[in-house]
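Report on the following structure.
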Amino acid sequence: MSIVKINRSQLEGGVIIPPSKSAAHRALICSFLAGEGNVTPIIDSNDMRATVGVIEALKNSKVVLDCIESGSTLRFMIPVAAALGKAVTFTGQGRLPQRPIGEYLDILPAHGVSVKCDGTLPMEISGQLKNGSYEVSGDVSSQYITGLLLALSVLDGDSAIILKTSLQSKPYVDMTVKVMNDFGVKVMETDFGYLIHGNQKYNRLDYVVEGDWSQAAFFLVAGAISGDVTVSGLDMNTTQGDKAILDVLASFGVQLEINDDSVRCVKSVLKGTVVDATDIPDLVPIIAVLAAFAEGQTVIQGAERLRYKESDRIESVVENLKLIGADVTETADGMIINGGIPLHSAQLKGYNDHRIVMAFSIAGLLLNGETMIDDAQSINKSYPSFFEDYNRIGGRADVL
């Protein structure tokens, strides 16, 4: 375990944001199904190692597929491996074995795949996935939909995904459809869900991964509360749902300067607002930090699925906000924050959760004294160079 020590500072300057891990997961799998082609750039994070490692294991006929702590890798690759008729065992580390995979326990056996699993990892599968109608809940994780879309297109015959509930985090599925289309595979959205023709071929190509709006959000909020930050390397026409950070910032009253591939965010007078996080759950930790420095009340709602992430992110955020003196109340699907009151440094928990560590490192910019956050190494899951970028533009973070 490592600890990061944050001292009050002001961020000013530019950050070139790393490539989107969400887009990279999808592109790597499409490239694998195409047979060859390069996907670049790929950040050297634990989540990327998970997907690259599982793909390499499948190429080399390995039977144990370690998804490390990547929920995306796990939920995407289970149906892909089943579509290829692989007999393999999926394993994971950290909190991943406790994260939900129940949809597949019902779906796969009904479509030709034998599953041995007690509800958590390890999960052993064998048999050939068959085309057909797949009834899936859309309110647990959009990752199930993505995994099935990637896999069903290579089966013999057409398939349909029928949503039993409304689909949350739909922008992530939109991204899947977009990346698949980039590789020449078509998905049709319907009134009931999605229709996928079988026997489609992924094109072999060299794919360039766009910048990550989820990671950009941390530095954009830093600009809003403490200085003047420009984040570049962004696609303004992205399907990434977390581009919605721009709308969220605007609703707080933040001054934004939007250019072709960059956004400049400067310190602004902030006012509380209402945020529906149904489609942007990963942004909740950093939005909560922003809310703590805004005058008035902010209500964050629609985020109940955060309880099944790397940590229970609703609980993790609320507990850390309380430790720095914030007036915050936990709700079933989010939190209510009465901002604008004096806050102070504290010893905070990272919960082995990269987004918690990064969000409260941004909070530490405005807290007097030293803010200590444990589990700082958890940033390696998604953004290993976060503290390097943070310090390069004026931050004072020491990883111990």
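A note on labels: chains of the structure tokens are A, B, ... as shown, every chain counts residues from 1, and ligands are counted from 1 in their shown order.
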Using only C-alpha atoms, determine which residues lie at most 9 Å from stretch 259-262 of chain A, disregarding the query and same-chain residues fewer than 2 positions distant; provide the list as a list in words.
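Using only C-alpha atoms, the neighbours found are Ile16, Thr230, Val231, Ser232, Gly233, Leu234, Asp235, Met236, Glu257 and Arg264 of chain A.
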Residues of stretch 99-331 of chain A classed as strand (DSSP E or B) by DSSP on the backbone are to be reported as a short mmCIF file (atom, residue, chain, number, x, y, z; two decimals) with N, CA and C atoms, in the first residue's frame.
```cif
data_model
loop_
_atom_site.label_atom_id
_atom_site.label_comp_id
_atom_site.auth_asym_id
_atom_site.auth_seq_id
_atom_site.Cartn_x
_atom_site.Cartn_y
_atom_site.Cartn_z
N SER A 114 -22.09 -24.23 -20.93
CA SER A 114 -22.08 -24.77 -19.57
C SER A 114 -21.30 -23.82 -18.66
N VAL A 115 -21.87 -23.53 -17.49
CA VAL A 115 -21.25 -22.60 -16.56
C VAL A 115 -21.12 -23.26 -15.19
N LYS A 116 -19.92 -23.19 -14.64
CA LYS A 116 -19.69 -23.64 -13.26
C LYS A 116 -19.23 -22.44 -12.46
N MET A 123 -15.08 -18.46 -12.50
CA MET A 123 -16.20 -18.87 -13.33
C MET A 123 -15.67 -19.69 -14.49
N GLU A 124 -16.14 -20.93 -14.59
CA GLU A 124 -15.68 -21.84 -15.63
C GLU A 124 -16.76 -21.97 -16.70
N ILE A 125 -16.38 -21.80 -17.96
CA ILE A 125 -17.35 -21.96 -19.05
C ILE A 125 -16.81 -22.96 -20.07
N SER A 126 -17.74 -23.60 -20.76
CA SER A 126 -17.38 -24.50 -21.86
C SER A 126 -18.59 -24.63 -22.77
N SER A 133 -32.45 -15.24 -29.06
CA SER A 133 -32.94 -14.07 -28.33
C SER A 133 -32.37 -14.08 -26.92
N TYR A 134 -31.81 -12.96 -26.51
CA TYR A 134 -31.18 -12.81 -25.20
C TYR A 134 -31.93 -11.76 -24.41
N GLU A 135 -32.59 -12.17 -23.34
CA GLU A 135 -33.29 -11.23 -22.48
C GLU A 135 -32.35 -10.80 -21.37
N VAL A 136 -32.09 -9.49 -21.28
CA VAL A 136 -31.07 -8.96 -20.36
C VAL A 136 -31.62 -7.77 -19.61
N SER A 159 -29.20 -12.62 -33.99
CA SER A 159 -29.54 -12.61 -32.57
C SER A 159 -30.20 -11.29 -32.21
N ALA A 160 -30.95 -11.34 -31.12
CA ALA A 160 -31.59 -10.13 -30.60
C ALA A 160 -31.30 -10.01 -29.12
N ILE A 161 -31.00 -8.81 -28.68
CA ILE A 161 -30.89 -8.50 -27.25
C ILE A 161 -32.17 -7.77 -26.87
N ILE A 162 -32.93 -8.38 -25.97
CA ILE A 162 -34.20 -7.82 -25.53
C ILE A 162 -34.01 -7.28 -24.11
N LEU A 163 -34.17 -5.99 -23.95
CA LEU A 163 -33.97 -5.36 -22.65
C LEU A 163 -35.21 -5.55 -21.78
N MET A 188 -28.03 -2.96 -35.04
CA MET A 188 -29.24 -2.16 -35.22
C MET A 188 -29.96 -2.00 -33.89
N GLU A 189 -30.17 -0.74 -33.51
CA GLU A 189 -30.95 -0.47 -32.30
C GLU A 189 -32.43 -0.57 -32.65
N GLY A 193 -34.46 -3.32 -28.00
CA GLY A 193 -33.06 -3.46 -27.62
C GLY A 193 -32.16 -3.35 -28.82
N TYR A 194 -31.58 -4.50 -29.24
CA TYR A 194 -30.62 -4.49 -30.35
C TYR A 194 -30.78 -5.76 -31.18
N LEU A 195 -30.57 -5.62 -32.48
CA LEU A 195 -30.57 -6.73 -33.42
C LEU A 195 -29.19 -6.82 -34.04
N ILE A 196 -28.61 -8.03 -34.05
CA ILE A 196 -27.26 -8.24 -34.56
C ILE A 196 -27.29 -9.38 -35.57
N TYR A 207 -6.09 1.03 -35.43
CA TYR A 207 -7.10 1.86 -34.77
C TYR A 207 -6.43 2.83 -33.80
N VAL A 208 -6.85 4.10 -33.88
CA VAL A 208 -6.33 5.13 -32.98
C VAL A 208 -7.38 5.42 -31.90
N GLY A 211 -8.98 10.33 -26.74
CA GLY A 211 -8.70 10.70 -25.36
C GLY A 211 -9.86 10.38 -24.42
N ASP A 228 -6.52 27.35 -13.48
CA ASP A 228 -6.75 27.54 -14.91
C ASP A 228 -6.10 26.36 -15.63
N VAL A 229 -6.91 25.41 -16.06
CA VAL A 229 -6.39 24.17 -16.63
C VAL A 229 -7.00 23.95 -18.02
N THR A 230 -6.15 23.58 -18.96
CA THR A 230 -6.59 23.20 -20.30
C THR A 230 -6.29 21.72 -20.51
N VAL A 231 -7.31 20.98 -20.85
CA VAL A 231 -7.17 19.55 -21.13
C VAL A 231 -7.29 19.35 -22.63
N SER A 232 -6.29 18.73 -23.23
CA SER A 232 -6.29 18.51 -24.67
C SER A 232 -6.23 17.03 -25.00
N GLN A 255 -16.88 28.48 -15.90
CA GLN A 255 -16.50 29.10 -17.17
C GLN A 255 -15.67 28.11 -17.99
N LEU A 256 -16.14 27.83 -19.21
CA LEU A 256 -15.47 26.88 -20.09
C LEU A 256 -15.12 27.54 -21.41
N GLU A 257 -13.97 27.16 -21.94
CA GLU A 257 -13.58 27.57 -23.28
C GLU A 257 -13.34 26.29 -24.08
N ILE A 258 -14.22 26.00 -25.04
CA ILE A 258 -14.19 24.74 -25.77
C ILE A 258 -13.62 24.98 -27.16
N SER A 262 -9.74 20.53 -27.27
CA SER A 262 -9.35 20.86 -25.91
C SER A 262 -10.44 21.66 -25.21
N VAL A 263 -10.39 21.64 -23.89
CA VAL A 263 -11.30 22.42 -23.06
C VAL A 263 -10.47 23.14 -22.00
N ARG A 264 -10.69 24.43 -21.89
CA ARG A 264 -10.05 25.22 -20.84
C ARG A 264 -11.09 25.51 -19.76
N CYS A 265 -10.71 25.31 -18.51
CA CYS A 265 -11.61 25.49 -17.38
C CYS A 265 -10.91 26.37 -16.35
N VAL A 266 -11.54 27.48 -15.99
CA VAL A 266 -10.92 28.42 -15.05
C VAL A 266 -11.75 28.51 -13.78
N LYS A 271 -22.25 27.30 -8.00
CA LYS A 271 -23.56 27.19 -7.35
C LYS A 271 -24.04 25.75 -7.43
N VAL A 274 -28.61 20.07 -9.39
CA VAL A 274 -29.08 18.68 -9.35
C VAL A 274 -28.42 17.92 -10.48
N VAL A 275 -27.82 16.78 -10.16
CA VAL A 275 -27.11 15.97 -11.15
C VAL A 275 -27.74 14.58 -11.22
N ASP A 276 -28.23 14.22 -12.41
CA ASP A 276 -28.72 12.86 -12.64
C ASP A 276 -27.54 12.04 -13.18
N GLU A 295 -21.47 26.90 -3.56
CA GLU A 295 -22.44 27.45 -2.62
C GLU A 295 -23.80 26.78 -2.84
N GLY A 296 -24.46 26.46 -1.75
CA GLY A 296 -25.80 25.90 -1.84
C GLY A 296 -25.81 24.39 -1.95
N GLN A 297 -26.98 23.87 -2.22
CA GLN A 297 -27.20 22.42 -2.18
C GLN A 297 -27.05 21.77 -3.55
N THR A 298 -26.36 20.63 -3.56
CA THR A 298 -26.27 19.78 -4.75
C THR A 298 -26.86 18.42 -4.42
N VAL A 299 -27.72 17.94 -5.30
CA VAL A 299 -28.30 16.60 -5.16
C VAL A 299 -27.76 15.74 -6.30
N ILE A 300 -27.11 14.64 -5.95
CA ILE A 300 -26.63 13.66 -6.93
C ILE A 300 -27.51 12.43 -6.80
N GLN A 301 -28.14 12.04 -7.91
CA GLN A 301 -29.10 10.94 -7.86
C GLN A 301 -28.90 10.01 -9.05
N ASP A 327 -20.82 18.95 4.69
CA ASP A 327 -22.18 18.64 5.11
C ASP A 327 -22.79 17.77 4.02
N VAL A 328 -22.81 16.47 4.24
CA VAL A 328 -23.25 15.54 3.21
C VAL A 328 -24.11 14.46 3.83
N THR A 329 -25.16 14.09 3.11
CA THR A 329 -26.08 13.03 3.55
C THR A 329 -26.15 11.96 2.48
N GLU A 330 -25.91 10.73 2.85
CA GLU A 330 -25.99 9.62 1.91
C GLU A 330 -27.44 9.26 1.65
N THR A 331 -27.77 8.99 0.39
CA THR A 331 -29.10 8.51 0.01
C THR A 331 -28.95 7.15 -0.67
#
```
Enumerate the residues of stretch 189-316 of chain A with a DSSP assignment of helix (DSSP H, G or I), computed from the backbone, and present them as a short mmCIF file (atom, residue, chain, number, x, y, z; two decimals) with C-alpha atoms, in the first residue's frame.
```cif
data_model
loop_
_atom_site.label_atom_id
_atom_site.label_comp_id
_atom_site.auth_asym_id
_atom_site.auth_seq_id
_atom_site.Cartn_x
_atom_site.Cartn_y
_atom_site.Cartn_z
CA TRP A 213 -13.26 12.13 -20.98
CA SER A 214 -13.59 10.25 -17.67
CA GLN A 215 -10.01 11.18 -16.77
CA ALA A 216 -10.34 14.68 -18.22
CA ALA A 217 -13.06 15.39 -15.65
CA PHE A 218 -10.56 15.38 -12.77
CA PHE A 219 -8.43 18.14 -14.24
CA LEU A 220 -11.40 20.14 -15.50
CA VAL A 221 -12.80 20.23 -11.97
CA ALA A 222 -9.33 21.18 -10.71
CA GLY A 223 -9.46 24.21 -12.97
CA ALA A 224 -12.96 25.08 -11.80
CA ILE A 225 -12.06 25.11 -8.10
CA SER A 226 -8.42 26.14 -8.04
CA GLY A 241 -20.97 9.51 -22.10
CA ASP A 242 -18.58 11.23 -19.72
CA LYS A 243 -18.27 14.14 -22.12
CA ALA A 244 -21.36 15.18 -20.13
CA ILE A 245 -18.90 16.61 -17.60
CA LEU A 246 -19.10 19.76 -19.73
CA ASP A 247 -22.85 20.05 -19.12
CA VAL A 248 -22.39 19.29 -15.43
CA LEU A 249 -19.70 21.95 -15.07
CA ALA A 250 -21.87 24.48 -16.87
CA SER A 251 -24.78 23.70 -14.53
CA PRO A 281 -21.79 7.01 -12.73
CA ASP A 282 -17.99 7.18 -13.02
CA LEU A 283 -18.14 10.97 -12.72
CA VAL A 284 -19.85 10.97 -9.32
CA PRO A 285 -16.71 11.09 -7.12
CA ILE A 286 -15.29 14.17 -8.85
CA ILE A 287 -18.71 15.84 -9.15
CA ALA A 288 -19.17 15.37 -5.41
CA VAL A 289 -15.85 17.12 -4.80
CA LEU A 290 -16.94 19.98 -7.05
CA ALA A 291 -20.22 20.21 -5.12
CA ALA A 292 -18.42 20.49 -1.80
CA GLU A 304 -27.20 3.27 -7.10
CA ARG A 305 -24.98 1.04 -9.27
CA LEU A 306 -21.94 2.74 -7.73
CA ARG A 307 -22.31 0.43 -4.78
CA TYR A 308 -20.84 -2.39 -6.91
CA ARG A 313 -18.49 4.59 -4.22
CA ILE A 314 -21.49 6.27 -2.65
CA GLU A 315 -20.33 5.26 0.80
CA SER A 316 -16.66 5.96 0.00
#
```
For atom CA of A:Gly227 and atom CA of A:Gly340, quote the distance in Å rounded to one decimal.
17.4 Å
Counting only C-alpha atoms, which residues of stretch 77-184 of chain A fall within 10 Å of stretch 200-203 of chain A, and what is the closest atom pair for each with its distance in Å at one decimal, ordered by chain and rising number, as CSV?
```
residue,atom,partner,partner_atom,distance
A:Leu150,CA,A:Tyr202,CA,10.0
A:Leu152,CA,A:Gln200,CA,9.2
A:Ser153,CA,A:Gln200,CA,5.5
A:Val154,CA,A:Gln200,CA,5.5
A:Leu155,CA,A:Gln200,CA,8.0
A:Asp156,CA,A:Gln200,CA,9.0
A:Gly157,CA,A:Gln200,CA,9.7
A:Asp158,CA,A:Gln200,CA,9.9
A:Met180,CA,A:Tyr202,CA,7.8
A:Asn181,CA,A:Tyr202,CA,9.0
A:Asp182,CA,A:Asn203,CA,8.5
A:Phe183,CA,A:Asn203,CA,5.0
A:Gly184,CA,A:Asn203,CA,5.7
```
Considering only C-alpha atoms, return as a PyMOL selection string whatever protein or nucleic-acid residues lie within 8 Å of stretch 164-178 of chain A, sequence-local ones (same chain, fewer than 3 positions apart) excluded.
chain A and resi 23+26+135-143+145-146+149-150+181-182+186-187+239-241+278-281
Dump N, CA, C and O atoms for the selected residues as a CSV table (one decimal), in the first residue's frame?
```
chain,number,residue,atom,x,y,z
A,23,ALA,N,-12.8,3.0,-24.6
A,23,ALA,CA,-12.7,2.8,-26.1
A,23,ALA,C,-11.6,1.7,-26.4
A,23,ALA,O,-11.8,0.9,-27.3
A,26,ARG,N,-12.8,-1.9,-26.0
A,26,ARG,CA,-13.6,-2.4,-27.1
A,26,ARG,C,-12.8,-2.6,-28.4
A,26,ARG,O,-13.0,-3.5,-29.1
A,135,GLU,N,-32.6,-12.2,-23.3
A,135,GLU,CA,-33.3,-11.2,-22.5
A,135,GLU,C,-32.3,-10.8,-21.4
A,135,GLU,O,-31.8,-11.6,-20.6
A,136,VAL,N,-32.1,-9.5,-21.3
A,136,VAL,CA,-31.1,-9.0,-20.4
A,136,VAL,C,-31.6,-7.8,-19.6
A,136,VAL,O,-32.3,-6.9,-20.2
A,137,SER,N,-31.3,-7.7,-18.3
A,137,SER,CA,-31.7,-6.5,-17.6
A,137,SER,C,-30.7,-5.4,-17.9
A,137,SER,O,-29.5,-5.6,-18.0
A,138,GLY,N,-31.2,-4.2,-18.1
A,138,GLY,CA,-30.4,-3.1,-18.5
A,138,GLY,C,-30.0,-2.2,-17.4
A,138,GLY,O,-29.3,-1.2,-17.6
A,139,ASP,N,-30.5,-2.5,-16.2
A,139,ASP,CA,-30.2,-1.6,-15.0
A,139,ASP,C,-29.2,-2.1,-14.1
A,139,ASP,O,-29.0,-1.6,-13.0
A,140,VAL,N,-28.5,-3.2,-14.4
A,140,VAL,CA,-27.4,-3.7,-13.6
A,140,VAL,C,-26.1,-3.2,-14.0
A,140,VAL,O,-25.3,-2.6,-13.3
A,141,SER,N,-25.7,-3.5,-15.3
A,141,SER,CA,-24.5,-3.0,-15.9
A,141,SER,C,-24.7,-3.0,-17.4
A,141,SER,O,-25.0,-4.1,-18.0
A,142,SER,N,-24.3,-1.9,-18.1
A,142,SER,CA,-24.3,-1.9,-19.5
A,142,SER,C,-23.3,-2.8,-20.1
A,142,SER,O,-23.3,-3.1,-21.3
A,143,GLN,N,-22.3,-3.2,-19.3
A,143,GLN,CA,-21.2,-4.1,-19.8
A,143,GLN,C,-21.7,-5.4,-20.3
A,143,GLN,O,-21.1,-6.0,-21.1
A,145,ILE,N,-24.4,-5.8,-22.0
A,145,ILE,CA,-24.9,-5.6,-23.3
A,145,ILE,C,-23.7,-5.5,-24.3
A,145,ILE,O,-23.7,-6.1,-25.4
A,146,THR,N,-22.7,-4.8,-23.9
A,146,THR,CA,-21.5,-4.7,-24.7
A,146,THR,C,-20.9,-6.0,-25.0
A,146,THR,O,-20.5,-6.3,-26.1
A,149,LEU,N,-23.0,-7.9,-27.5
A,149,LEU,CA,-22.9,-7.3,-28.9
A,149,LEU,C,-21.6,-7.7,-29.6
A,149,LEU,O,-21.6,-8.1,-30.7
A,150,LEU,N,-20.5,-7.6,-28.8
A,150,LEU,CA,-19.2,-8.0,-29.4
A,150,LEU,C,-19.2,-9.4,-29.9
A,150,LEU,O,-18.6,-9.8,-30.9
A,181,ASN,N,-18.8,-0.5,-35.4
A,181,ASN,CA,-19.0,0.0,-36.8
A,181,ASN,C,-17.7,0.4,-37.4
A,181,ASN,O,-17.5,0.3,-38.6
A,182,ASP,N,-16.8,1.0,-36.6
A,182,ASP,CA,-15.4,1.4,-37.1
A,182,ASP,C,-14.7,0.2,-37.7
A,182,ASP,O,-14.0,0.3,-38.7
A,186,LYS,N,-22.0,-4.2,-38.0
A,186,LYS,CA,-23.2,-3.4,-37.8
A,186,LYS,C,-24.1,-3.9,-36.7
A,186,LYS,O,-24.3,-5.1,-36.6
A,187,VAL,N,-24.6,-3.0,-35.9
A,187,VAL,CA,-25.6,-3.3,-34.9
A,187,VAL,C,-26.8,-2.4,-35.1
A,187,VAL,O,-26.7,-1.2,-35.4
A,239,THR,N,-18.6,9.5,-28.6
A,239,THR,CA,-19.8,8.8,-28.0
A,239,THR,C,-19.6,8.6,-26.6
A,239,THR,O,-20.5,8.0,-25.9
A,240,GLN,N,-18.4,8.9,-26.0
A,240,GLN,CA,-18.2,8.7,-24.6
A,240,GLN,C,-19.2,9.5,-23.8
A,240,GLN,O,-19.3,10.7,-23.9
A,241,GLY,N,-20.0,8.8,-22.9
A,241,GLY,CA,-21.0,9.5,-22.1
A,241,GLY,C,-20.4,10.5,-21.1
A,241,GLY,O,-21.1,11.5,-20.8
A,278,THR,N,-27.4,8.8,-13.8
A,278,THR,CA,-27.8,7.5,-14.4
A,278,THR,C,-26.8,7.1,-15.5
A,278,THR,O,-26.5,5.9,-15.5
A,279,ASP,N,-26.5,8.0,-16.4
A,279,ASP,CA,-25.6,7.6,-17.5
A,279,ASP,C,-24.1,8.0,-17.3
A,279,ASP,O,-23.3,7.7,-18.2
A,280,ILE,N,-23.8,8.6,-16.2
A,280,ILE,CA,-22.4,9.0,-15.9
A,280,ILE,C,-22.0,8.6,-14.5
A,280,ILE,O,-21.4,9.5,-13.8
A,281,PRO,N,-22.1,7.4,-14.1
A,281,PRO,CA,-21.8,7.0,-12.7
A,281,PRO,C,-20.3,7.2,-12.4
A,281,PRO,O,-20.0,7.6,-11.2
```
Could you pull the residues within 6 Å of A:Gln93, counting only C-alpha atoms, minus those fewer than 2 positions along the same chain, as a list in words?
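Within the cut-off, the hits are Ile68, Glu69 and Leu96 of chain A.
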Dump of N, CA and C atoms for the selected residues, as a PDB file, in the first residue's frame:
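Written output follows (selection_8.pdb):
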```pdb
ATOM      1  N   ILE A  68      -7.699  -9.563 -13.585  1.00  0.00           N
ATOM      2  CA  ILE A  68      -7.127  -8.672 -12.560  1.00  0.00           C
ATOM      3  C   ILE A  68      -8.288  -8.020 -11.799  1.00  0.00           C
ATOM      4  N   GLU A  69      -8.489  -6.699 -11.916  1.00  0.00           N
ATOM      5  CA  GLU A  69      -9.618  -6.048 -11.241  1.00  0.00           C
ATOM      6  C   GLU A  69     -10.531  -5.347 -12.235  1.00  0.00           C
ATOM      7  N   LEU A  96     -13.025  -7.535  -7.581  1.00  0.00           N
ATOM      8  CA  LEU A  96     -13.683  -8.035  -8.781  1.00  0.00           C
ATOM      9  C   LEU A  96     -14.494  -9.313  -8.540  1.00  0.00           C
TER      10      LEU A  96
END
```
So, with only C-alpha atoms as the atoms that count, which of A:Leu348, A:Ala24, A:Ala83, A:Ala303 lies closest to A:Ala332?
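For A:Ala332, the nearest of the candidates is A:Ala303.
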Pick out the residues sitting within 12 Å of A:Leu65, and hand them over as number ranges by chain; count only C-alpha atoms, and ignore anything fewer than 2 positions along from it in its own chain.
A: 49-63, 67-68, 70, 73-74, 77-78, 81, 86-93, 121-125
